[in-house]
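Undergrad: Dropping the structure in here first, questions after.
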Amino acid sequence: LTLPLIRALASAGSSDLAFMVQCIQDAAVSADDFTKLRQMITDLGGVEYTQATAQSHVSAAKALLEAFDDSPSRQLLGLLADYAIARKV
């Protein structure tokens, strides 16, 4: 959750930012507060931004693969790049 969190922190207002920092610093953050933090990361665009950034990197990587002759290895690398975007963590 590093990039989504960084993006959300950059987008947060002062009260949201204070809550988020408190959650990050609290080693014993409650389950309710963690759930709220996860929702804030989504609401503040952290997840969407991260998905768009990852898709951009995958597109660039797949474009670079075009320099190589078509082969099972090249096809596998393209599939692995697509999988990195499609997988759920």
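Residues in the structure tokens are named by chain (A, B, ... in the order shown) and by number from 1 within that chain; ligands are numbered from 1 in the order shown.
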Each residue of region 12-72 of chain A lying at most 7 Å from region 76-84 of chain A should get a row with its shortest atom-to-atom pair and the distance in Å to one decimal, counting only C-alpha atoms; could you produce that, ordered by chain and increasing number, as CSV?

TA:
```
residue,atom,partner,partner_atom,distance
A:Val58,CA,A:Ala81,CA,5.8
A:Lys62,CA,A:Gly78,CA,5.9
A:Pro72,CA,A:Leu76,CA,6.0
```

Undergrad: Kindly save the residues from that selection, with N, CA, C and O atoms included, as a compact mmCIF listing (two decimals), in the first residue's frame.

TA:
```
# COMPACT_ATOMS: atom_id res chain seq x y z
N VAL A 58 3.26 -0.88 -17.39
CA VAL A 58 3.07 -2.12 -18.13
C VAL A 58 2.99 -1.84 -19.62
O VAL A 58 3.60 -2.55 -20.44
N LYS A 62 5.58 -3.38 -22.31
CA LYS A 62 5.13 -4.20 -23.44
C LYS A 62 5.54 -3.57 -24.77
O LYS A 62 5.85 -4.29 -25.72
N PRO A 72 7.88 -17.54 -27.66
CA PRO A 72 7.17 -17.90 -26.42
C PRO A 72 7.64 -17.07 -25.22
O PRO A 72 6.84 -16.69 -24.37
```

Undergrad: Pull the helix (DSSP H, G or I) assignments for chain A out of DSSP run on the backbone, and list those residues as a ChimeraX atom specification.

TA: /A:2-11,14-25,31-43,46-65,72-86

Undergrad: Enter the distance from CA of Leu9 (chain A) to CA of Val21 (chain A), in Å, rounded to one decimal.

TA: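 It comes out at 8.3 Å.
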
Undergrad: What's the 8 Å shell around region 31-41 of chain A, counting only C-alpha atoms, without same-chain residues fewer than 4 positions away, as a list of chain:residue names?

TA: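 Near region 31-41 of chain A, the qualifying residues are A:Pro4, A:Leu5, A:Ala8, A:Met20, A:Cys23, A:Gly45, A:Gly46, A:Val47.
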
Undergrad: Would you please work out which residue, of A:Ile24, A:Ala12, A:Leu3, A:Ala61, is nearest to Arg74 (chain A) when using only C-alpha atoms?

TA: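 So, comparing all the options, the nearest one is A:Ala61.
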
Undergrad: Have a look at CA of Ile85 (chain A) and CA of Leu65 (chain A) and let me know their distance in Å, one decimal.

TA: 16.9 Å

Undergrad: Quote the spacing between CA of Glu48 (chain A) and CA of Leu64 (chain A) in Å to one decimal place.

TA: 24.6 Å

Undergrad: Just checking: using only C-alpha atoms, which residue out of A:Gln75, A:Ala63, A:Leu17, A:Thr2 ends up closest to Leu44 (chain A)?

TA: A:Leu17
